[in-house]
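Below is structure_0.cif, which holds mmCIF, C-alpha atoms and all ligand atoms.
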data_work
#
loop_
_atom_site.label_atom_id
_atom_site.label_comp_id
_atom_site.auth_asym_id
_atom_site.auth_seq_id
_atom_site.Cartn_x
_atom_site.Cartn_y
_atom_site.Cartn_z
CA MET A 1 0.00 0.00 0.00
CA THR A 2 1.39 3.43 -0.85
CA ASP A 3 1.38 6.16 1.77
CA THR A 4 -0.74 9.00 0.41
CA ASP A 5 0.07 12.56 1.37
CA TYR A 6 -3.26 14.14 2.14
CA THR A 7 -1.96 17.49 3.40
CA ARG A 8 -2.63 19.21 0.08
CA LEU A 9 -6.30 18.32 0.56
CA PHE A 10 -6.64 19.99 3.94
CA SER A 11 -8.36 23.36 4.05
CA LYS A 12 -6.27 26.30 5.24
CA ARG A 13 -8.23 26.32 8.45
CA ALA A 14 -7.63 22.62 9.10
CA GLN A 15 -3.93 23.10 8.41
CA GLY A 16 -3.81 25.78 11.11
CA MET A 17 -5.65 23.70 13.72
CA LYS A 18 -3.65 22.04 16.49
CA ALA A 19 -4.60 19.29 18.94
CA SER A 20 -5.84 20.57 22.29
CA GLU A 21 -3.22 20.03 24.99
CA ILE A 22 -6.02 19.28 27.45
CA ARG A 23 -7.56 16.58 25.24
CA GLU A 24 -4.14 15.03 24.54
CA LEU A 25 -3.31 14.92 28.25
CA LEU A 26 -6.66 13.28 28.98
CA LYS A 27 -5.40 10.21 27.12
CA ILE A 28 -2.26 10.00 29.27
CA THR A 29 -4.10 10.64 32.52
CA GLN A 30 -6.50 7.78 31.91
CA ASN A 31 -3.62 5.74 33.30
CA LYS A 32 -4.86 5.16 36.87
CA GLU A 33 -1.34 5.43 38.32
CA ILE A 34 -1.12 9.09 37.37
CA ILE A 35 -2.67 11.63 39.70
CA SER A 36 -4.31 14.03 37.32
CA PHE A 37 -4.69 17.72 38.05
CA ALA A 38 -4.94 18.21 34.27
CA GLY A 39 -8.48 17.97 32.84
CA GLY A 40 -11.29 20.16 34.16
CA LEU A 41 -13.32 17.12 35.12
CA PRO A 42 -16.03 16.85 37.76
CA SER A 43 -15.50 14.37 40.56
CA PRO A 44 -16.43 10.86 39.38
CA GLU A 45 -17.46 9.94 42.95
CA ALA A 46 -20.22 12.58 42.83
CA PHE A 47 -22.14 11.67 39.69
CA PRO A 48 -25.83 11.07 40.52
CA ILE A 49 -25.95 7.69 38.83
CA GLU A 50 -29.01 6.31 40.66
CA ASP A 51 -31.08 9.44 39.99
CA VAL A 52 -30.14 9.40 36.30
CA LYS A 53 -31.02 5.71 36.09
CA ASN A 54 -34.49 6.39 37.53
CA ILE A 55 -34.99 9.34 35.22
CA CYS A 56 -34.00 7.26 32.18
CA ASN A 57 -36.71 4.75 33.03
CA LYS A 58 -39.30 7.46 33.64
CA VAL A 59 -38.53 9.22 30.35
CA LEU A 60 -38.68 5.98 28.37
CA ASP A 61 -41.87 4.81 30.11
CA GLU A 62 -43.72 8.08 29.79
CA ASP A 63 -42.46 9.68 26.57
CA GLY A 64 -40.06 7.20 24.99
CA ALA A 65 -41.09 7.76 21.38
CA ASN A 66 -40.48 11.52 21.55
CA ALA A 67 -37.30 11.20 23.57
CA LEU A 68 -35.79 8.90 20.94
CA GLN A 69 -36.84 11.08 17.99
CA TYR A 70 -35.04 14.06 16.35
CA CYS A 71 -36.09 17.37 17.83
CA ALA A 72 -36.09 20.99 16.62
CA THR A 73 -32.63 22.52 16.13
CA GLU A 74 -33.44 25.05 18.87
CA GLY A 75 -33.96 22.20 21.34
CA VAL A 76 -36.79 20.64 23.34
CA THR A 77 -39.19 23.43 24.28
CA LYS A 78 -39.87 22.34 27.87
CA LEU A 79 -36.14 22.24 28.60
CA ARG A 80 -35.66 25.67 27.03
CA GLU A 81 -38.52 27.00 29.17
CA ALA A 82 -37.07 25.47 32.34
CA ILE A 83 -33.65 26.99 31.60
CA ALA A 84 -35.19 30.39 30.83
CA GLN A 85 -36.96 30.29 34.18
CA ARG A 86 -33.76 29.36 36.01
CA MET A 87 -31.85 32.16 34.30
CA ASN A 88 -34.63 34.67 35.08
CA ASN A 89 -34.44 33.64 38.74
CA GLN A 90 -30.81 34.78 38.51
CA GLY A 91 -31.73 38.21 37.20
CA MET A 92 -32.06 37.72 33.44
CA ASP A 93 -35.09 38.63 31.40
CA VAL A 94 -35.36 35.99 28.68
CA THR A 95 -37.93 33.61 27.21
CA TYR A 96 -37.39 30.14 25.82
CA LYS A 97 -36.98 31.79 22.40
CA ASN A 98 -33.66 33.26 23.55
CA ILE A 99 -32.36 29.80 24.46
CA LEU A 100 -30.61 27.51 22.01
CA ILE A 101 -29.70 24.07 23.32
CA THR A 102 -26.21 23.07 22.19
CA THR A 103 -24.02 19.99 22.34
CA GLY A 104 -21.84 21.32 25.15
CA ALA A 105 -20.92 24.97 25.57
CA GLN A 106 -18.02 24.03 23.32
CA GLN A 107 -20.47 23.84 20.42
CA GLY A 108 -21.79 27.27 21.45
CA LEU A 109 -18.25 28.63 21.06
CA ASP A 110 -17.89 26.96 17.69
CA LEU A 111 -21.25 28.28 16.45
CA ILE A 112 -20.26 31.77 17.55
CA GLY A 113 -17.03 31.48 15.60
CA LYS A 114 -18.87 30.19 12.55
CA THR A 115 -21.53 32.88 12.75
CA PHE A 116 -19.38 35.94 13.36
CA LEU A 117 -15.77 35.40 12.37
CA ASN A 118 -14.12 35.98 9.02
CA THR A 119 -10.43 35.24 8.48
CA GLY A 120 -8.36 37.82 10.35
CA ASP A 121 -11.20 39.14 12.54
CA ILE A 122 -10.03 40.04 16.02
CA VAL A 123 -11.22 38.41 19.22
CA ILE A 124 -10.15 39.90 22.53
CA VAL A 125 -9.36 37.25 25.12
CA GLY A 126 -7.84 37.10 28.59
CA ALA A 127 -4.24 36.13 29.23
CA PRO A 128 -4.65 33.39 30.30
CA THR A 129 -7.91 32.12 28.78
CA TYR A 130 -9.73 28.85 28.08
CA LEU A 131 -7.89 26.85 25.44
CA GLY A 132 -11.12 25.42 24.01
CA GLY A 133 -12.30 28.99 23.37
CA THR A 134 -9.18 30.06 21.48
CA ASN A 135 -9.18 26.76 19.57
CA ALA A 136 -12.77 27.38 18.47
CA PHE A 137 -12.02 30.94 17.32
CA ASN A 138 -8.74 29.87 15.73
CA SER A 139 -10.56 27.34 13.61
CA TYR A 140 -12.27 30.29 11.88
CA MET A 141 -8.85 31.86 11.39
CA ALA A 142 -9.49 34.72 13.75
CA LYS A 143 -6.70 36.70 15.38
CA MET A 144 -6.48 36.75 19.17
CA GLU A 145 -5.51 39.86 21.13
CA SER A 146 -4.84 39.23 24.81
CA ILE A 147 -5.48 41.33 27.90
CA PRO A 148 -3.58 40.25 31.03
CA LEU A 149 -5.73 39.24 34.01
CA ASP A 150 -5.08 40.07 37.65
CA ASN A 151 -6.80 38.84 40.81
CA GLU A 152 -9.97 40.73 39.85
CA GLY A 153 -10.14 39.38 36.31
CA MET A 154 -9.68 41.43 33.14
CA SER A 155 -8.64 45.02 33.70
CA PRO A 156 -11.06 47.51 32.08
CA ASP A 157 -8.22 50.05 31.75
CA LEU A 158 -6.00 47.65 29.81
CA LEU A 159 -8.99 46.58 27.71
CA GLU A 160 -9.79 50.17 26.80
CA GLU A 161 -6.15 50.91 26.04
CA LYS A 162 -6.02 47.89 23.71
CA LEU A 163 -9.28 48.75 21.93
CA ASN A 164 -8.16 52.32 21.51
CA LYS A 165 -4.83 51.27 20.02
CA LEU A 166 -6.48 48.79 17.66
CA ASN A 167 -8.99 51.44 16.58
CA LEU A 168 -6.18 53.86 15.80
CA HIS A 169 -4.77 51.21 13.47
CA GLY A 170 -8.17 50.83 11.81
CA SER A 171 -8.99 47.50 13.52
CA ASN A 172 -12.34 46.92 15.20
CA PRO A 173 -12.41 43.70 17.20
CA LYS A 174 -15.66 41.81 16.85
CA LEU A 175 -15.79 39.69 19.98
CA LEU A 176 -14.69 40.00 23.59
CA TYR A 177 -14.44 36.55 25.21
CA ILE A 178 -14.93 36.56 28.97
CA ILE A 179 -15.22 33.77 31.53
CA PRO A 180 -16.47 35.93 34.39
CA SER A 181 -16.58 33.60 37.38
CA PHE A 182 -13.80 31.29 38.61
CA GLN A 183 -12.18 31.67 35.25
CA ASN A 184 -10.68 28.72 33.43
CA PRO A 185 -7.71 28.50 33.90
CA SER A 186 -6.88 31.13 36.55
CA GLY A 187 -9.76 30.64 39.02
CA VAL A 188 -10.16 34.43 39.36
CA THR A 189 -13.53 36.21 39.27
CA LEU A 190 -14.33 39.44 37.49
CA THR A 191 -15.54 41.89 40.15
CA GLN A 192 -18.98 43.45 39.92
CA SER A 193 -17.63 46.93 39.25
CA ARG A 194 -15.33 45.63 36.49
CA ARG A 195 -18.28 43.83 34.86
CA LYS A 196 -20.10 47.15 34.59
CA LYS A 197 -17.03 48.97 33.27
CA ILE A 198 -16.27 46.29 30.71
CA LEU A 199 -19.86 46.35 29.51
CA ASP A 200 -19.69 50.13 29.06
CA ILE A 201 -16.44 49.80 27.11
CA ALA A 202 -17.89 47.04 24.90
CA HIS A 203 -20.84 49.31 24.10
CA GLU A 204 -18.58 52.25 23.33
CA TYR A 205 -16.37 50.22 20.98
CA ASP A 206 -19.21 48.14 19.56
CA VAL A 207 -17.82 44.77 20.54
CA LEU A 208 -20.00 41.71 21.15
CA ILE A 209 -19.33 40.14 24.56
CA ILE A 210 -19.23 36.34 24.78
CA GLU A 211 -19.94 35.53 28.44
CA ASP A 212 -18.92 31.91 29.00
CA ASN A 213 -20.15 30.95 32.45
CA PRO A 214 -19.88 27.24 33.31
CA TYR A 215 -18.63 27.73 36.87
CA SER A 216 -20.61 30.50 38.63
CA LYS A 217 -22.89 28.05 40.51
CA LEU A 218 -19.82 26.40 42.04
CA ARG A 219 -19.21 29.16 44.56
CA TYR A 220 -17.72 28.00 47.88
CA ASP A 221 -17.27 31.37 49.60
CA GLY A 222 -18.29 34.96 49.06
CA LYS A 223 -21.19 36.54 47.23
CA GLU A 224 -22.52 35.79 43.75
CA ASN A 225 -22.12 38.48 41.08
CA SER A 226 -24.63 39.52 38.42
CA THR A 227 -24.10 38.05 34.98
CA ILE A 228 -22.98 40.51 32.33
CA TYR A 229 -25.94 39.42 30.18
CA SER A 230 -28.39 40.52 32.89
CA MET A 231 -26.70 43.95 33.16
CA ASP A 232 -26.61 44.54 29.41
CA LYS A 233 -29.39 46.86 28.26
CA GLU A 234 -28.11 47.06 24.69
CA ASN A 235 -28.37 43.42 23.59
CA SER A 236 -24.67 43.08 22.97
CA THR A 237 -23.92 39.95 25.00
CA ILE A 238 -24.20 36.27 24.19
CA TYR A 239 -24.25 33.98 27.23
CA LEU A 240 -23.13 30.36 27.42
CA GLY A 241 -24.31 27.98 30.16
CA THR A 242 -23.78 24.24 30.55
CA PHE A 243 -24.73 21.24 32.67
CA SER A 244 -21.21 19.84 32.26
CA LYS A 245 -19.71 21.10 35.50
CA VAL A 246 -22.82 20.97 37.70
CA LEU A 247 -24.30 17.66 36.55
CA SER A 248 -22.42 15.67 33.90
CA PRO A 249 -20.19 16.53 30.93
CA GLY A 250 -21.05 13.17 29.36
CA LEU A 251 -24.61 14.39 28.88
CA ARG A 252 -23.30 17.12 26.51
CA ILE A 253 -26.25 19.44 27.19
CA ALA A 254 -25.63 23.18 27.29
CA TRP A 255 -27.32 26.39 26.21
CA THR A 256 -26.58 29.62 24.40
CA ILE A 257 -28.62 32.71 25.28
CA ALA A 258 -28.77 35.46 22.69
CA PRO A 259 -30.94 38.39 21.66
CA GLN A 260 -33.55 37.31 19.10
CA GLN A 261 -31.91 38.61 15.89
CA LEU A 262 -28.66 36.86 16.73
CA MET A 263 -30.48 33.73 17.84
CA ASN A 264 -32.07 33.23 14.43
CA LYS A 265 -28.67 33.13 12.77
CA LEU A 266 -27.15 30.86 15.42
CA ILE A 267 -29.97 28.35 14.88
CA ILE A 268 -29.28 28.23 11.16
CA THR A 269 -25.59 27.79 11.88
CA LYS A 270 -26.35 24.87 14.17
CA GLN A 271 -28.61 23.21 11.59
CA ALA A 272 -25.60 22.64 9.39
CA SER A 273 -23.52 21.38 12.30
CA ASP A 274 -25.59 18.63 13.85
CA LEU A 275 -29.32 19.16 13.12
CA CYS A 276 -30.07 19.03 16.84
CA THR A 277 -28.55 18.12 20.19
CA SER A 278 -29.37 14.67 21.63
CA THR A 279 -33.13 14.67 22.29
CA PHE A 280 -32.78 11.93 24.88
CA GLY A 281 -30.14 13.89 26.78
CA GLN A 282 -32.41 16.94 26.74
CA TYR A 283 -35.30 14.94 28.18
CA LEU A 284 -33.03 13.68 30.95
CA ALA A 285 -31.79 17.18 31.73
CA TYR A 286 -35.37 18.47 31.75
CA GLU A 287 -36.50 15.81 34.24
CA TYR A 288 -33.48 16.48 36.42
CA LEU A 289 -34.50 20.14 36.61
CA ALA A 290 -38.24 19.45 36.92
CA GLN A 291 -37.72 17.12 39.88
CA GLY A 292 -35.71 19.80 41.67
CA LEU A 293 -32.65 17.56 41.82
CA ILE A 294 -30.18 19.98 40.31
CA ASP A 295 -29.93 22.38 43.24
CA ILE A 296 -29.63 19.52 45.72
CA HIS A 297 -26.82 18.07 43.61
CA ILE A 298 -25.06 21.43 43.30
CA GLU A 299 -25.11 21.85 47.10
CA LYS A 300 -23.63 18.37 47.47
CA ILE A 301 -20.79 18.91 45.03
CA LYS A 302 -20.08 22.35 46.43
CA ASP A 303 -19.41 20.80 49.84
CA LEU A 304 -17.13 18.22 48.28
CA TYR A 305 -15.29 20.67 46.01
CA ARG A 306 -14.79 23.19 48.82
CA LYS A 307 -13.00 20.46 50.79
CA LYS A 308 -10.92 19.52 47.77
CA ARG A 309 -9.97 23.12 47.08
CA ASP A 310 -8.96 23.60 50.71
CA THR A 311 -6.95 20.39 50.64
CA MET A 312 -5.07 21.53 47.56
CA LEU A 313 -4.43 25.01 48.95
CA ALA A 314 -3.14 23.51 52.22
CA ALA A 315 -0.92 21.06 50.32
CA LEU A 316 0.48 23.87 48.17
CA ASP A 317 1.33 25.78 51.35
CA LYS A 318 2.91 22.71 52.87
CA TYR A 319 4.96 21.37 49.96
CA PHE A 320 5.56 24.00 47.29
CA PRO A 321 8.95 25.75 47.30
CA GLN A 322 9.55 29.44 47.88
CA GLY A 323 9.16 31.51 44.75
CA ALA A 324 5.94 29.76 43.69
CA THR A 325 2.68 31.70 43.95
CA TRP A 326 -0.90 30.66 43.24
CA THR A 327 -4.45 32.00 43.07
CA LYS A 328 -6.98 31.33 45.85
CA PRO A 329 -10.27 30.88 44.03
CA GLU A 330 -13.64 31.32 45.74
CA GLY A 331 -15.14 28.62 43.54
CA GLY A 332 -14.88 26.67 40.30
CA MET A 333 -12.34 23.96 39.58
CA PHE A 334 -8.89 25.49 39.08
CA ILE A 335 -5.86 26.99 40.80
CA TRP A 336 -3.28 28.82 38.69
CA VAL A 337 0.32 28.50 39.77
CA THR A 338 3.19 30.78 38.79
CA LEU A 339 6.72 29.40 39.23
CA PRO A 340 10.07 31.20 38.99
CA GLU A 341 10.65 32.60 35.48
CA TYR A 342 13.38 30.09 34.59
CA ILE A 343 11.08 27.07 34.97
CA ASP A 344 9.37 25.95 31.77
CA THR A 345 6.32 23.88 32.73
CA GLY A 346 6.16 22.62 29.13
CA GLN A 347 9.54 20.97 29.57
CA MET A 348 8.82 19.89 33.13
CA ILE A 349 5.60 18.02 32.24
CA GLU A 350 7.51 14.96 31.05
CA ARG A 351 9.28 14.73 34.41
CA ALA A 352 6.01 15.31 36.27
CA ILE A 353 4.37 12.44 34.40
CA GLU A 354 7.35 10.24 35.18
CA ASN A 355 6.67 11.14 38.81
CA LYS A 356 3.02 10.15 38.19
CA VAL A 357 1.39 13.55 38.41
CA ALA A 358 -0.08 15.76 35.65
CA TYR A 359 -1.15 19.38 35.15
CA VAL A 360 -1.84 21.55 32.11
CA ILE A 361 1.03 23.78 30.98
CA GLY A 362 0.57 27.55 31.19
CA ALA A 363 1.43 28.25 27.55
CA ALA A 364 -1.66 26.28 26.42
CA PHE A 365 -3.83 29.05 27.85
CA HIS A 366 -2.01 31.95 26.23
CA ALA A 367 -2.83 32.90 22.66
CA ASP A 368 0.81 34.00 22.20
CA ARG A 369 2.19 30.90 24.02
CA SER A 370 3.59 32.96 26.89
CA GLY A 371 2.93 31.86 30.50
CA LYS A 372 5.67 29.24 30.20
CA ASN A 373 6.41 29.32 33.93
CA CYS A 374 2.75 28.74 34.83
CA MET A 375 0.51 25.72 35.24
CA ARG A 376 -3.18 25.01 35.79
CA LEU A 377 -4.19 22.63 38.56
CA ASN A 378 -7.66 21.07 38.71
CA TYR A 379 -8.77 20.07 42.20
CA THR A 380 -12.21 18.56 41.59
CA TYR A 381 -11.30 15.31 39.84
CA SER A 382 -8.83 13.63 42.23
CA SER A 383 -9.78 12.25 45.64
CA ILE A 384 -8.77 14.19 48.74
CA ASP A 385 -5.99 11.69 49.59
CA LYS A 386 -4.60 11.84 46.09
CA ILE A 387 -4.62 15.64 46.08
CA ASP A 388 -2.14 15.77 48.97
CA GLU A 389 0.03 13.04 47.46
CA GLY A 390 -0.07 14.59 43.98
CA ILE A 391 0.93 18.05 45.20
CA ARG A 392 3.80 16.48 47.14
CA LYS A 393 4.99 14.74 43.96
CA LEU A 394 4.62 17.91 41.95
CA ALA A 395 6.56 19.89 44.56
CA MET A 396 9.33 17.31 44.35
CA THR A 397 9.39 17.67 40.55
CA ILE A 398 9.66 21.46 40.87
CA GLU A 399 12.42 21.20 43.51
CA ASN A 400 14.40 19.07 41.07
CA GLU A 401 13.97 21.73 38.38
CA ILE A 402 15.23 24.37 40.80
CA GLU A 403 18.23 22.22 41.75
CA MET A 404 19.04 21.64 38.08
CA HIS A 405 18.86 25.37 37.42
CA LYS A 406 21.20 26.10 40.35
CA LYS A 407 23.68 23.51 39.06
CA LYS A 408 23.52 25.04 35.60
CA ASP A 409 24.25 28.48 37.08
CA GLU A 410 27.19 27.23 39.15
CA SER A 411 28.70 24.99 36.50
CA PRO A 412 31.38 26.21 34.04
CA TYR A 413 29.83 23.71 31.58
CA LYS A 414 26.57 23.89 29.67
CA LEU A 415 24.17 21.23 30.96
CA ASP A 416 21.03 19.92 29.33
CA GLU A 417 17.75 19.23 31.22
CA ASP A 418 19.04 15.88 32.40
CA GLY A 419 22.19 17.42 33.80
CA LEU A 420 24.39 16.05 30.99
CA ILE A 421 27.25 18.20 29.69
CA THR A 422 26.55 19.58 26.22
CA GLY A 423 29.29 22.22 25.98
CA VAL A 424 31.67 24.60 27.79
N1 LIG A 501 -16.06 27.00 28.42
C1 LIG A 501 -15.26 26.86 29.47
C2 LIG A 501 -14.71 28.08 30.12
C3 LIG A 501 -14.94 25.58 29.93
O1 LIG A 501 -14.12 25.48 30.98
C4 LIG A 501 -15.47 24.46 29.28
C5 LIG A 501 -15.11 23.07 29.70
N2 LIG A 501 -13.94 22.91 30.31
C6 LIG A 501 -16.32 24.67 28.20
C7 LIG A 501 -16.59 25.95 27.79
C8 LIG A 501 -16.92 23.52 27.45
O2 LIG A 501 -17.87 22.87 28.24
P1 LIG A 501 -18.90 21.82 27.68
O3 LIG A 501 -18.61 20.54 28.35
O4 LIG A 501 -20.25 22.37 28.06
O5 LIG A 501 -18.74 21.74 26.21
O1 LIG A 502 -11.64 19.00 27.04
C1 LIG A 502 -12.31 18.60 28.00
O2 LIG A 502 -12.40 17.41 28.31
C2 LIG A 502 -13.08 19.56 28.81
C3 LIG A 502 -12.21 20.13 29.87
C4 LIG A 502 -11.74 21.34 29.73
C5 LIG A 502 -10.67 21.85 30.59
O3 LIG A 502 -9.91 21.06 31.16
O4 LIG A 502 -10.55 23.07 30.67
#
As structure tokens - that is how I would like this structure written.
Amino acid sequence: MTDTDYTRLFSKRAQGMKASEIRELLKITQNKEIISFAGGLPSPEAFPIEDVKNICNKVLDEDGANALQYCATEGVTKLREAIAQRMNNQGMDVTYKNILITTGAQQGLDLIGKTFLNTGDIVIVGAPTYLGGTNAFNSYMAKMESIPLDNEGMSPDLLEEKLNKLNLHGSNPKLLYIIPSFQNPSGVTLTQSRRKKILDIAHEYDVLIIEDNPYSKLRYDGKENSTIYSMDKENSTIYLGTFSKVLSPGLRIAWTIAPQQLMNKLIITKQASDLCTSTFGQYLAYEYLAQGLIDIHIEKIKDLYRKKRDTMLAALDKYFPQGATWTKPEGGMFIWVTLPEYIDTGQMIERAIENKVAYVIGAAFHADRSGKNCMRLNYTYSSIDKIDEGIRKLAMTIENEIEMHKKKDESPYKLDEDGLITGV
């Protein structure tokens, strides 16, 4: 058989697409020996398997023929209505017509890219930001412009400065991508006053805000903030919600909320993608909401995740060397660690995996591949015992890096990462 070179057949956009570092690591971390702080996965011990089993039977007994049929692209109406009601209870003012059910929020991001982005269009993102977001926008050949985050999220001043500069060069960014609460990957939350300022700036510069909000219900301390969508009186925000982090990512049920004119286009875009999201999954999600189970489940996982977060923070304090700093999130799933400048977490990952512990490298979350001395740690997936052990192993890996660096500095010879002499 001859080996055919298919590259010439790939579209320009496919040629530019790279594998997600998170998805690649998921394969490695399926090895049970490795303690994974890599993927943003819910705790497997918390899935409500019995409840879902009962709901499956109920749905099949009572409405099996509809649940197994195709449904409208927009989604199953009763689920859309239930979601609209939940969102209105949190300060929004929407009807089921503003809700599009999607196959994960990831599909929402893809549909947004497909609907709004031409080659070279600019999307403003955080530095760091969610890799799946930049991958989705990249696949439409958009250009990312990054705004550094601090402990209060994206800085409105830096955002305005960037928009102003781009405008002076004749560029008008189309989208502003924001993960407002317990941001992936940093864990930081955009303060209420910054939300308002950022909204005002987006209005002034005519940028559409994409508010991607999978984590806000996982708040362990402090007070909930208003969503940007609920504060926006000018219809310039699209909101993404999902059941992935509060119920099950395997269900792949999420929703996009948009003003009506935008919604019509998003629906058409989705038609070409997958006709509709799993009807059966939507029926299950509806029942889970209708039976009032979701809030009980969220309370349960919040208690568990709070303990896990505290365990990881305590272990970081106990084991991590001087010179390392990290965020202290009030909720969500992630802690962001910054190590001394000379440590490259991309190079260190191999050694970490040898030591049976995994994280996601900082550069994966930076559109310009900076953040090399950073790493994202997930604390929801591993058990409490494993969290302590994993952080100890990771600390040991970092200590070795520091030692190696010291040796390099002291040595008259050039050493490689394994301490072998490569030159004088
Ligand atoms: N947005 C963010 C910020 C996420 O963290 C994730 C999942 N990690 C997604 C979107 C995609 O979620 P879903 O499972 O709903 O596709
Ligand atoms: O890619 C996945 O499996 C979802 C997780 C996302 C993340 O780790 O941020």
Check: Can you tell me, as JSON, numbers by chain, what residues are no more than 8 Å from Met141 in chain A when counting all atoms listed in the file, ignoring any on the same chain fewer than 2 positions away?
Finding: {"A": [13, 16, 117, 118, 119, 120, 121, 137, 138, 139, 143]}
Residues from last step as file, C-alpha atoms, as an mmCIF file, in the coordinates of the input:
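Contents of out-v3.cif, as written:
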data_model
loop_
_atom_site.group_PDB
_atom_site.id
_atom_site.type_symbol
_atom_site.label_atom_id
_atom_site.label_comp_id
_atom_site.auth_asym_id
_atom_site.auth_seq_id
_atom_site.Cartn_x
_atom_site.Cartn_y
_atom_site.Cartn_z
ATOM 1 C CA ARG A 13 -8.230 26.320 8.450
ATOM 2 C CA GLY A 16 -3.810 25.780 11.110
ATOM 3 C CA LEU A 117 -15.770 35.400 12.370
ATOM 4 C CA ASN A 118 -14.120 35.980 9.020
ATOM 5 C CA THR A 119 -10.430 35.240 8.480
ATOM 6 C CA GLY A 120 -8.360 37.820 10.350
ATOM 7 C CA ASP A 121 -11.200 39.140 12.540
ATOM 8 C CA PHE A 137 -12.020 30.940 17.320
ATOM 9 C CA ASN A 138 -8.740 29.870 15.730
ATOM 10 C CA SER A 139 -10.560 27.340 13.610
ATOM 11 C CA LYS A 143 -6.700 36.700 15.380
#
Note to self: So that I can see what lies close to range 236-252 of chain A, please list as a PyMOL selection string the residues with an atom at most 9 Å from it, counting only C-alpha atoms and leaving out residues fewer than 3 positions away in the same chain.
What the structure shows: chain A and resi 40-42+47-48+102-105+108-109+112+199+202-203+206-215+217-218+227-229+232-233+255-259+262+277-278+281-282+284-285+294+297-298+301+332-333
Next item on the list: Considering only C-alpha atoms, state which residue in the set A:Asp3, A:Glu401, A:Glu287, A:Asp200 is at the smallest distance from Asp344 in chain A.
Entry: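 Using only C-alpha atoms, the shortest distance to Asp344 in chain A belongs to A:Glu401.
The closest residue to Ser11 in chain A, picked from A:Phe334, A:Tyr140, A:Tyr177, A:Tyr305 and counting only C-alpha atoms, is A:Tyr140.
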Margin query: Excluding range 50-53 of chain A and its own-chain neighbours fewer than 5 positions away, which residues fall within 9 Å of it when counting all atoms listed in the file? Please give them as a list in words.
Written below: Lys58, Leu284, Tyr288 and Leu293 of chain A
